>>> print(open('entry-v8.txt').read())   # compact mmCIF, C-alpha atoms and all ligand atoms
# COMPACT_ATOMS: atom_id res chain seq x y z
CA MET G 6 208.63 69.09 158.30
CA SER G 7 207.30 69.46 154.82
CA LYS G 8 207.51 66.42 152.57
CA LEU G 9 205.97 68.20 149.61
CA THR G 10 208.34 70.17 147.41
CA GLU G 11 208.03 73.95 147.07
CA GLU G 12 206.60 73.40 143.60
CA GLN G 13 203.98 70.91 144.88
CA LEU G 14 202.93 73.27 147.70
CA ALA G 15 202.59 76.15 145.22
CA GLU G 16 200.58 73.93 142.86
CA CYS G 17 198.12 73.12 145.70
CA ALA G 18 197.72 76.85 146.41
CA ARG G 19 197.16 77.55 142.71
CA LEU G 20 194.46 74.87 142.50
CA SER G 21 192.50 76.36 145.41
CA VAL G 22 192.67 79.92 144.03
CA ALA G 23 191.80 78.70 140.51
CA ALA G 24 188.76 76.76 141.82
CA GLU G 25 187.57 79.86 143.68
CA ARG G 26 187.99 82.09 140.60
CA ALA G 27 186.43 79.55 138.21
CA VAL G 28 183.57 78.79 140.66
CA LYS G 29 184.22 75.09 140.12
CA SER G 30 184.86 72.49 142.82
CA MET G 31 187.95 70.30 142.84
CA PRO G 32 189.15 67.00 144.32
CA GLN G 33 190.62 67.01 147.83
CA LEU G 34 194.38 67.55 147.95
CA VAL G 35 194.72 64.43 150.11
CA GLU G 36 193.64 62.30 147.14
CA LYS G 37 196.93 63.22 145.50
CA TYR G 38 198.94 63.72 148.71
CA PRO G 39 197.46 61.35 151.33
CA GLU G 40 200.18 62.29 153.84
CA LEU G 41 199.43 66.03 153.65
CA THR G 42 199.85 67.55 157.13
CA ARG G 43 198.16 70.49 158.82
CA GLU G 44 201.50 72.33 158.84
CA GLU G 45 201.76 71.88 155.07
CA GLY G 46 198.15 73.08 154.85
CA TYR G 47 199.22 76.36 156.50
CA VAL G 48 202.23 76.68 154.20
CA ILE G 49 199.87 76.27 151.23
CA GLN G 50 197.47 78.82 152.76
CA GLY G 51 200.37 81.28 153.12
CA ILE G 52 201.40 80.82 149.46
CA ARG G 53 197.72 81.17 148.51
CA GLU G 54 197.63 84.48 150.39
CA LYS G 55 200.60 85.78 148.38
CA MET G 56 198.89 84.72 145.14
CA VAL G 57 195.66 86.53 146.05
CA VAL G 58 197.61 89.63 147.12
CA ALA G 59 199.47 89.47 143.78
CA GLU G 60 196.03 89.68 142.09
CA GLY G 61 195.69 93.08 143.76
CA HIS G 62 193.74 92.07 146.87
CA LYS G 63 194.36 92.98 150.50
CA VAL G 64 194.28 90.99 153.74
CA ILE G 65 191.95 92.76 156.19
CA GLY G 66 191.95 90.19 158.97
CA TYR G 67 191.50 86.56 159.90
CA LYS G 68 188.76 84.02 160.49
CA MET G 69 188.80 81.26 163.04
CA GLY G 70 187.20 77.91 162.26
CA ALA G 71 185.96 74.94 164.25
CA THR G 72 185.78 76.94 167.49
CA SER G 73 182.34 75.61 168.47
CA MET G 74 181.21 72.05 169.16
CA GLU G 75 178.53 72.23 166.47
CA LYS G 76 181.08 73.27 163.85
CA ARG G 77 183.64 70.70 164.92
CA ARG G 78 180.96 68.02 164.63
CA GLN G 79 179.87 69.31 161.22
CA MET G 80 183.45 69.51 159.90
CA GLY G 81 184.65 66.33 161.57
CA SER G 82 187.35 68.46 163.14
CA THR G 83 188.96 68.18 166.56
CA MET G 84 190.76 71.51 166.80
CA PRO G 85 190.39 75.16 165.80
CA SER G 86 192.03 76.47 162.63
CA PHE G 87 192.37 79.86 160.95
CA GLY G 88 192.13 81.48 157.54
CA ARG G 89 192.60 84.91 155.96
CA LEU G 90 189.95 87.55 155.19
CA PHE G 91 190.43 89.57 152.01
CA GLU G 92 188.69 92.87 151.20
CA TYR G 93 186.69 91.39 148.31
CA MET G 94 184.97 88.96 150.69
CA MET G 95 183.07 91.75 152.45
CA LEU G 96 179.49 92.35 151.34
CA GLU G 97 178.84 96.02 151.96
CA GLY G 98 175.52 97.83 152.45
CA ASN G 99 172.59 96.03 150.86
CA LYS G 100 174.69 94.12 148.34
CA PRO G 101 173.12 90.67 147.98
CA LEU G 102 175.03 87.43 147.80
CA SER G 103 175.18 86.18 144.23
CA MET G 104 174.91 82.39 143.84
CA ARG G 105 176.72 82.64 140.49
CA GLU G 106 179.90 83.77 142.26
CA LEU G 107 180.03 80.74 144.55
CA ILE G 108 180.05 76.93 144.29
CA HIS G 109 177.81 75.66 147.12
CA PRO G 110 177.68 78.39 149.80
CA LYS G 111 176.58 77.95 153.40
CA VAL G 112 175.91 80.63 156.01
CA GLU G 113 176.81 80.79 159.71
CA PRO G 114 176.51 83.42 162.48
CA GLU G 115 179.67 84.75 164.14
CA ILE G 116 180.87 87.44 166.53
CA THR G 117 183.60 89.57 164.95
CA PHE G 118 186.29 91.53 166.83
CA VAL G 119 187.90 94.69 165.42
CA LEU G 120 191.21 95.58 167.04
CA LYS G 121 192.51 98.97 168.14
CA GLU G 122 195.99 97.69 169.08
CA ASP G 123 198.45 95.20 167.59
CA LEU G 124 198.49 91.81 169.30
CA SER G 125 201.31 89.29 169.24
CA GLY G 126 201.98 85.94 170.92
CA PRO G 127 203.05 83.69 172.47
CA ASN G 128 201.23 84.40 175.74
CA MET G 129 198.00 85.94 174.53
CA ASN G 130 194.87 85.59 176.66
CA SER G 131 191.28 86.77 176.46
CA ALA G 132 191.69 89.63 178.97
CA LYS G 133 194.44 91.19 176.82
CA VAL G 134 192.29 90.65 173.72
CA MET G 135 189.31 92.41 175.30
CA HIS G 136 191.41 95.48 176.15
CA ALA G 137 193.00 95.62 172.69
CA THR G 138 189.60 95.44 170.95
CA ASP G 139 187.97 98.56 169.53
CA TYR G 140 184.57 96.88 169.23
CA VAL G 141 182.72 93.66 168.51
CA ILE G 142 180.12 93.47 165.77
CA ALA G 143 177.53 90.92 164.64
CA SER G 144 178.35 89.05 161.43
CA LEU G 145 177.34 86.35 159.00
CA GLU G 146 180.01 84.32 157.29
CA ILE G 147 179.37 82.70 153.92
CA ILE G 148 181.66 79.71 153.52
CA ASP G 149 182.22 77.93 150.20
CA SER G 150 184.62 74.98 150.27
CA ARG G 151 186.40 74.56 146.98
CA TYR G 152 186.24 70.76 147.40
CA HIS G 153 183.64 68.52 145.75
CA GLY G 154 180.61 67.98 147.98
CA PHE G 155 182.00 70.30 150.72
CA LYS G 156 184.05 67.28 151.90
CA PHE G 157 187.59 67.68 153.22
CA THR G 158 190.16 66.65 155.82
CA GLY G 159 191.66 69.18 158.26
CA PRO G 160 194.80 69.78 156.13
CA ASP G 161 192.65 70.18 152.98
CA ALA G 162 190.46 72.79 154.68
CA VAL G 163 193.46 74.74 156.00
CA ALA G 164 195.08 74.76 152.53
CA ASP G 165 191.79 76.08 151.09
CA ASN G 166 191.70 79.08 153.47
CA ILE G 167 189.11 77.16 155.55
CA SER G 168 186.38 77.72 152.96
CA GLY G 169 186.49 81.54 153.28
CA ALA G 170 184.28 83.19 150.66
CA ARG G 171 182.18 86.18 151.83
CA PHE G 172 181.04 87.85 155.02
CA LYS G 173 178.69 90.58 156.09
CA LEU G 174 178.89 92.75 159.21
CA GLY G 175 176.06 94.21 161.29
CA SER G 176 175.91 97.89 162.20
CA VAL G 177 176.06 98.07 166.00
CA LYS G 178 179.59 98.41 167.44
CA ILE G 179 180.11 97.79 171.17
CA SER G 180 183.23 97.35 173.30
CA PRO G 181 183.47 93.73 174.49
CA LEU G 182 184.03 95.16 177.98
CA ASP G 183 180.42 96.41 177.91
CA LEU G 184 178.89 93.05 176.96
CA ASP G 185 178.41 89.61 178.44
CA LEU G 186 179.72 87.82 175.37
CA GLU G 187 179.27 84.37 176.91
CA LEU G 188 175.53 84.83 177.22
CA LEU G 189 175.09 86.88 174.08
CA GLY G 190 172.47 84.96 172.13
CA VAL G 191 171.87 84.64 168.42
CA ARG G 192 168.92 83.32 166.42
CA MET G 193 169.37 82.67 162.71
CA SER G 194 166.40 82.32 160.41
CA ILE G 195 166.07 81.61 156.69
CA ASN G 196 162.89 82.80 154.97
CA GLY G 197 161.29 83.40 158.35
CA GLU G 198 162.00 79.93 159.69
CA ASP G 199 164.37 79.58 162.64
CA VAL G 200 167.31 77.34 161.71
CA ALA G 201 169.88 77.82 164.48
CA PHE G 202 170.26 79.17 168.02
CA GLY G 203 173.34 79.69 170.17
CA THR G 204 175.26 81.95 172.51
CA GLY G 205 178.80 83.33 172.53
CA ALA G 206 179.93 80.70 175.04
CA ALA G 207 179.64 78.11 172.25
CA VAL G 208 182.89 79.59 170.90
CA LEU G 209 185.64 78.13 173.12
CA GLY G 210 183.70 79.20 176.22
CA HIS G 211 184.15 82.88 175.26
CA PRO G 212 184.77 84.31 171.77
CA ALA G 213 187.78 86.38 172.97
CA ARG G 214 189.54 83.03 173.48
CA ALA G 215 189.30 82.42 169.74
CA VAL G 216 191.19 85.67 169.11
CA ALA G 217 193.80 84.74 171.72
CA ALA G 218 194.19 81.28 170.15
CA LEU G 219 194.65 82.91 166.74
CA VAL G 220 197.36 85.25 168.04
CA ASN G 221 199.23 82.32 169.60
CA MET G 222 198.98 80.30 166.36
CA LEU G 223 200.18 83.26 164.28
CA HIS G 224 203.15 83.63 166.60
CA MET G 225 204.45 80.24 165.44
CA THR G 226 205.06 81.65 161.96
CA GLY G 227 206.24 85.05 163.21
CA GLU G 228 202.97 86.82 162.36
CA LYS G 229 200.82 89.11 164.48
CA LEU G 230 197.46 90.89 164.43
CA ARG G 231 197.42 94.57 163.63
CA ALA G 232 195.24 97.46 164.82
CA GLY G 233 192.24 97.79 162.52
CA GLN G 234 192.16 94.14 161.53
CA LEU G 235 189.01 92.05 161.85
CA VAL G 236 188.85 88.65 163.49
CA MET G 237 185.80 86.46 162.88
CA THR G 238 185.75 84.16 165.91
CA GLY G 239 184.09 81.13 164.27
CA ALA G 240 180.53 80.00 163.81
CA ILE G 241 178.43 79.73 166.96
CA THR G 242 176.09 77.22 165.29
CA ALA G 243 176.30 74.75 162.41
CA SER G 244 176.21 76.31 158.93
CA GLN G 245 173.14 76.15 156.68
CA PRO G 246 173.10 75.74 152.87
CA LEU G 247 171.90 78.68 150.76
CA LYS G 248 169.92 79.02 147.54
CA ALA G 249 168.79 81.90 145.35
CA GLY G 250 165.82 83.72 146.85
CA ASP G 251 166.80 83.05 150.45
CA LYS G 252 166.63 85.80 153.04
CA VAL G 253 168.82 85.14 156.05
CA VAL G 254 168.45 87.07 159.30
CA ALA G 255 170.80 86.60 162.24
CA GLU G 256 169.43 88.44 165.25
CA PHE G 257 172.05 88.99 167.96
CA ALA G 258 171.26 90.19 171.50
CA SER G 259 172.61 93.76 172.00
CA LEU G 260 174.42 93.69 168.61
CA GLY G 261 171.24 93.64 166.52
CA PRO G 262 170.48 91.96 163.19
CA VAL G 263 172.54 91.07 160.13
CA THR G 264 170.47 90.33 157.05
CA LEU G 265 171.53 88.72 153.81
CA ASN G 266 169.60 88.40 150.57
CA VAL G 267 170.65 85.68 148.17
CA VAL G 268 170.15 86.16 144.43
CA ASP G 269 170.85 84.07 141.37
C1 LIG H 301 185.33 75.37 157.31
C2 LIG H 301 185.16 76.77 157.84
C3 LIG H 301 184.99 76.81 159.34
C4 LIG H 301 183.92 78.20 161.17
O1 LIG H 301 183.37 79.26 161.49
O2 LIG H 301 183.99 77.23 161.94
C5 LIG H 301 184.48 78.11 159.80
C6 LIG H 301 184.03 74.80 156.82
O3 LIG H 301 183.12 74.56 157.62
O4 LIG H 301 183.92 74.59 155.59
O5 LIG H 301 184.46 79.10 159.11
MG MG H 302 183.14 80.64 159.90
>>> encode(input="entry-v8.txt", output="structure tokens")
Amino acid sequence: MSKLTEEQLAECARLSVAAERAVKSMPQLVEKYPELTREEGYVIQGIREKMVVAEGHKVIGYKMGATSMEKRRQMGSTMPSFGRLFEYMMLEGNKPLSMRELIHPKVEPEITFVLKEDLSGPNMNSAKVMHATDYVIASLEIIDSRYHGFKFTGPDAVADNISGARFKLGSVKISPLDLDLELLGVRMSINGEDVAFGTGAAVLGHPARAVAALVNMLHMTGEKLRAGQLVMTGAITASQPLKAGDKVVAEFASLGPVTLNVVD
């Protein structure tokens, strides 16, 4: 049940998009609407999606959030959430990350699934996800909360497309059926210094579960995943802040490295 009016929900969506475009942080929505619910957060995120699509952008998949213990601790969150991936978020080839385009970005390593079949709920499970997946690929997500100080409640984060900003994919594509994703390790370093370690099992016990959870959540609003879409399964480790000049390397077992250069 939404207590905010249509106009108030749309205004929240507009604020988040405007903050992203202006590269300027904003107050949390809960300061104005202390009773804001997670459900309203998703309604705002859906309106936000339509606004971004109206700008000429395209949804190319989804991102899960708070799927690992380290991320839940960092976000103060108790349950997973999802956001949308748009085409402009993808850093292709050697394109560096430009600090000027973002407010206060952080980086985190993730395993990304690319589907070869549509998937719909309500009874999705990881076995079905594995068989419907074309390949998994190493990735780095760059998150950039639009809220002051990267501080938010769950509903705020959901309304703000759970901080989605940029992402970069690796180059090795492997079927999840040919990997032990639970034990697939990752080491992330910044400027040659190791900053985080983890394995796929950090993500809900197995990253395919994050895709299944997404499909079941999407079912509640009549949505589904489509062949060709990407699903980022959520950070395996806590995120790390970035600054100009940084060189990030996430080295994944079997899936190889993803590197990111950060410029002014
Ligand atoms: C929210 C984004 C969460 C993840 O992988 O857990 C997320 C945030 O931490 O600002 O992308
Ligand atoms: Mg993430």
>>> residues_around(input="entry-v8.txt", residues="G:Ala258", least_positions_apart="4", cutoff="12 Å", atoms="all atoms listed in the file", output="compact mmCIF listing (two decimals) with C-alpha atoms, keeping the file's coordinate frame")
# COMPACT_ATOMS: atom_id res chain seq x y z
CA ILE G 116 180.87 87.44 166.53
CA ILE G 142 180.12 93.47 165.77
CA ALA G 143 177.53 90.92 164.64
CA GLY G 175 176.06 94.21 161.29
CA VAL G 177 176.06 98.07 166.00
CA ILE G 179 180.11 97.79 171.17
CA LEU G 184 178.89 93.05 176.96
CA ASP G 185 178.41 89.61 178.44
CA LEU G 186 179.72 87.82 175.37
CA GLU G 187 179.27 84.37 176.91
CA LEU G 188 175.53 84.83 177.22
CA LEU G 189 175.09 86.88 174.08
CA GLY G 190 172.47 84.96 172.13
CA VAL G 191 171.87 84.64 168.42
CA ARG G 192 168.92 83.32 166.42
CA MET G 193 169.37 82.67 162.71
CA PHE G 202 170.26 79.17 168.02
CA GLY G 203 173.34 79.69 170.17
CA THR G 204 175.26 81.95 172.51
CA GLY G 205 178.80 83.33 172.53
CA PRO G 262 170.48 91.96 163.19
CA VAL G 263 172.54 91.07 160.13
>>> closest_residue(input="entry-v8.txt", among="G:Lys111, G:Lys121, G:Lys76, G:Arg231", to="ligand LIG 301 (chain H)", atoms="all atoms listed in the file")
G:Lys76
>>> residues_around(input="entry-v8.txt", residues="G:Met31", least_positions_apart="6", cutoff="10 Å", atoms="only C-alpha atoms", output="list in words")
Leu20, Ser21, Ala23, Ala24, Glu25, Ser150, Arg151, Tyr152, His153, Gly154 and Phe155 of chain G
>>> closest_atom_pairs(input="entry-v8.txt", of="chain G", to="ligand LIG 301 (chain H)", cutoff="10 Å", atoms="all atoms listed in the file", output="tab-separated table")
residue	atom	partner	partner_atom	distance
G:Lys68	CA	H:LIG301	O5	6.7
G:Met69	CA	H:LIG301	O1	6.0
G:Gly70	CA	H:LIG301	O2	3.3
G:Ala71	CA	H:LIG301	O2	3.8
G:Thr72	CA	H:LIG301	O2	5.8
G:Ser73	CA	H:LIG301	O2	6.9
G:Met74	CA	H:LIG301	O2	9.3
G:Glu75	CA	H:LIG301	O2	8.7
G:Lys76	CA	H:LIG301	O2	5.3
G:Arg77	CA	H:LIG301	O2	7.2
G:Arg78	CA	H:LIG301	O3	9.8
G:Gln79	CA	H:LIG301	O3	7.1
G:Met80	CA	H:LIG301	O3	5.6
G:Gly81	CA	H:LIG301	O3	9.3
G:Ser82	CA	H:LIG301	O3	9.3
G:Pro85	CA	H:LIG301	O2	7.8
G:Ser86	CA	H:LIG301	C3	7.8
G:Phe87	CA	H:LIG301	C3	8.1
G:Gly88	CA	H:LIG301	O5	8.2
G:Pro110	CA	H:LIG301	O4	9.3
G:Lys111	CA	H:LIG301	O4	8.4
G:Val112	CA	H:LIG301	O5	9.2
G:Glu113	CA	H:LIG301	O1	7.0
G:Pro114	CA	H:LIG301	O1	8.1
G:Glu115	CA	H:LIG301	O1	7.1
G:Ile116	CA	H:LIG301	O1	9.9
G:Leu145	CA	H:LIG301	O1	9.6
G:Glu146	CA	H:LIG301	O5	7.1
G:Ile147	CA	H:LIG301	O5	8.1
G:Ile148	CA	H:LIG301	O4	6.0
G:Asp149	CA	H:LIG301	O4	6.6
G:Ser150	CA	H:LIG301	O4	5.4
G:Arg151	CA	H:LIG301	O4	9.0
G:Tyr152	CA	H:LIG301	O4	9.3
G:Phe155	CA	H:LIG301	O4	6.8
G:Lys156	CA	H:LIG301	O4	8.2
G:Phe157	CA	H:LIG301	O4	8.2
G:Gly159	CA	H:LIG301	C1	8.9
G:Asp161	CA	H:LIG301	C1	10.0
G:Ala162	CA	H:LIG301	C1	6.3
G:Val163	CA	H:LIG301	C1	8.3
G:Asp165	CA	H:LIG301	C1	9.0
G:Asn166	CA	H:LIG301	C2	8.2
G:Ile167	CA	H:LIG301	C1	4.5
G:Ser168	CA	H:LIG301	O4	4.8
G:Gly169	CA	H:LIG301	O5	6.6
G:Ala170	CA	H:LIG301	O5	9.4
G:Val208	CA	H:LIG301	O2	9.3
G:Met237	CA	H:LIG301	O1	7.7
G:Thr238	CA	H:LIG301	O1	7.0
G:Gly239	CA	H:LIG301	O1	3.4
G:Ala240	CA	H:LIG301	O1	3.7
G:Ile241	CA	H:LIG301	O1	7.4
G:Thr242	CA	H:LIG301	O1	8.5
G:Ala243	CA	H:LIG301	O2	8.1
G:Ser244	CA	H:LIG301	O3	7.2
>>> atom_distance(input="entry-v8.txt", atom1="atom CA of G:Ala18", atom2="atom CA of G:His109")
20.0 Å
>>> atom_distance(input="entry-v8.txt", atom1="atom CA of G:Gly250", atom2="atom CA of G:Val267")
5.4 Å
>>> closest_residue(input="entry-v8.txt", among="G:Gly261, G:Pro101, G:Pro160, G:Gly227", to="G:Glu40", atoms="all atoms listed in the file")
G:Pro160
>>> atom_distance(input="entry-v8.txt", atom1="atom CA of G:Gly66", atom2="atom CA of G:Glu92")
8.8 Å
>>> closest_residue(input="entry-v8.txt", among="G:Thr138, G:Gln245, G:Gln50, G:Asn130", to="G:Ser194", atoms="all atoms listed in the file")
G:Gln245
>>> closest_residue(input="entry-v8.txt", among="G:Ser259, G:Leu247, G:Thr117, G:Lys133", to="ligand MG 302 (chain H)", atoms="all atoms listed in the file")
G:Thr117
>>> closest_residue(input="entry-v8.txt", among="G:Glu106, G:Glu16, G:Asp139, G:Glu122", to="G:Tyr38", atoms="only C-alpha atoms")
G:Glu16
>>> build_atoms(input="entry-v8.txt", residues="stretch 224-240 of chain G", atoms="N, CA, C and O atoms", output="mmCIF file, in the frame of the given file")
data_model
loop_
_atom_site.group_PDB
_atom_site.id
_atom_site.type_symbol
_atom_site.label_atom_id
_atom_site.label_comp_id
_atom_site.auth_asym_id
_atom_site.auth_seq_id
_atom_site.Cartn_x
_atom_site.Cartn_y
_atom_site.Cartn_z
ATOM 1 N N HIS G 224 201.807 83.454 166.045
ATOM 2 C CA HIS G 224 203.150 83.630 166.600
ATOM 3 C C HIS G 224 204.122 82.553 166.090
ATOM 4 O O HIS G 224 205.307 82.812 165.876
ATOM 5 N N MET G 225 203.589 81.350 165.869
ATOM 6 C CA MET G 225 204.450 80.240 165.440
ATOM 7 C C MET G 225 205.089 80.487 164.084
ATOM 8 O O MET G 225 206.120 79.907 163.770
ATOM 9 N N THR G 226 204.446 81.341 163.263
ATOM 10 C CA THR G 226 205.060 81.650 161.960
ATOM 11 C C THR G 226 205.531 83.114 161.930
ATOM 12 O O THR G 226 205.730 83.691 160.861
ATOM 13 N N GLY G 227 205.692 83.695 163.117
ATOM 14 C CA GLY G 227 206.240 85.050 163.210
ATOM 15 C C GLY G 227 205.268 86.131 162.774
ATOM 16 O O GLY G 227 205.676 87.252 162.466
ATOM 17 N N GLU G 228 203.964 85.818 162.762
ATOM 18 C CA GLU G 228 202.970 86.820 162.360
ATOM 19 C C GLU G 228 202.261 87.386 163.580
ATOM 20 O O GLU G 228 202.293 86.806 164.653
ATOM 21 N N LYS G 229 201.611 88.533 163.389
ATOM 22 C CA LYS G 229 200.820 89.110 164.480
ATOM 23 C C LYS G 229 199.572 89.797 163.927
ATOM 24 O O LYS G 229 199.457 90.002 162.716
ATOM 25 N N LEU G 230 198.660 90.139 164.831
ATOM 26 C CA LEU G 230 197.460 90.890 164.430
ATOM 27 C C LEU G 230 197.770 92.373 164.532
ATOM 28 O O LEU G 230 198.507 92.800 165.415
ATOM 29 N N ARG G 231 197.172 93.139 163.638
ATOM 30 C CA ARG G 231 197.420 94.570 163.630
ATOM 31 C C ARG G 231 196.163 95.377 163.928
ATOM 32 O O ARG G 231 195.058 94.943 163.600
ATOM 33 N N ALA G 232 196.354 96.544 164.534
ATOM 34 C CA ALA G 232 195.240 97.460 164.820
ATOM 35 C C ALA G 232 194.431 97.646 163.542
ATOM 36 O O ALA G 232 195.013 97.813 162.469
ATOM 37 N N GLY G 233 193.118 97.607 163.679
ATOM 38 C CA GLY G 233 192.240 97.790 162.520
ATOM 39 C C GLY G 233 191.808 96.493 161.877
ATOM 40 O O GLY G 233 190.837 96.473 161.121
ATOM 41 N N GLN G 234 192.542 95.409 162.148
ATOM 42 C CA GLN G 234 192.160 94.140 161.530
ATOM 43 C C GLN G 234 190.916 93.540 162.181
ATOM 44 O O GLN G 234 190.628 93.770 163.355
ATOM 45 N N LEU G 235 190.214 92.755 161.393
ATOM 46 C CA LEU G 235 189.010 92.050 161.850
ATOM 47 C C LEU G 235 189.385 90.626 162.212
ATOM 48 O O LEU G 235 190.235 90.034 161.542
ATOM 49 N N VAL G 236 188.726 90.087 163.226
ATOM 50 C CA VAL G 236 188.850 88.650 163.490
ATOM 51 C C VAL G 236 187.444 88.064 163.653
ATOM 52 O O VAL G 236 186.715 88.423 164.589
ATOM 53 N N MET G 237 187.063 87.198 162.737
ATOM 54 C CA MET G 237 185.800 86.460 162.880
ATOM 55 C C MET G 237 186.127 85.273 163.791
ATOM 56 O O MET G 237 187.090 84.541 163.530
ATOM 57 N N THR G 238 185.344 85.118 164.869
ATOM 58 C CA THR G 238 185.750 84.160 165.910
ATOM 59 C C THR G 238 185.259 82.738 165.683
ATOM 60 O O THR G 238 185.539 81.858 166.491
ATOM 61 N N GLY G 239 184.557 82.494 164.579
ATOM 62 C CA GLY G 239 184.090 81.130 164.270
ATOM 63 C C GLY G 239 182.605 80.993 164.529
ATOM 64 O O GLY G 239 182.046 81.653 165.418
ATOM 65 N N ALA G 240 181.979 80.138 163.742
ATOM 66 C CA ALA G 240 180.530 80.000 163.810
ATOM 67 C C ALA G 240 180.077 79.482 165.171
ATOM 68 O O ALA G 240 180.660 78.549 165.727
#
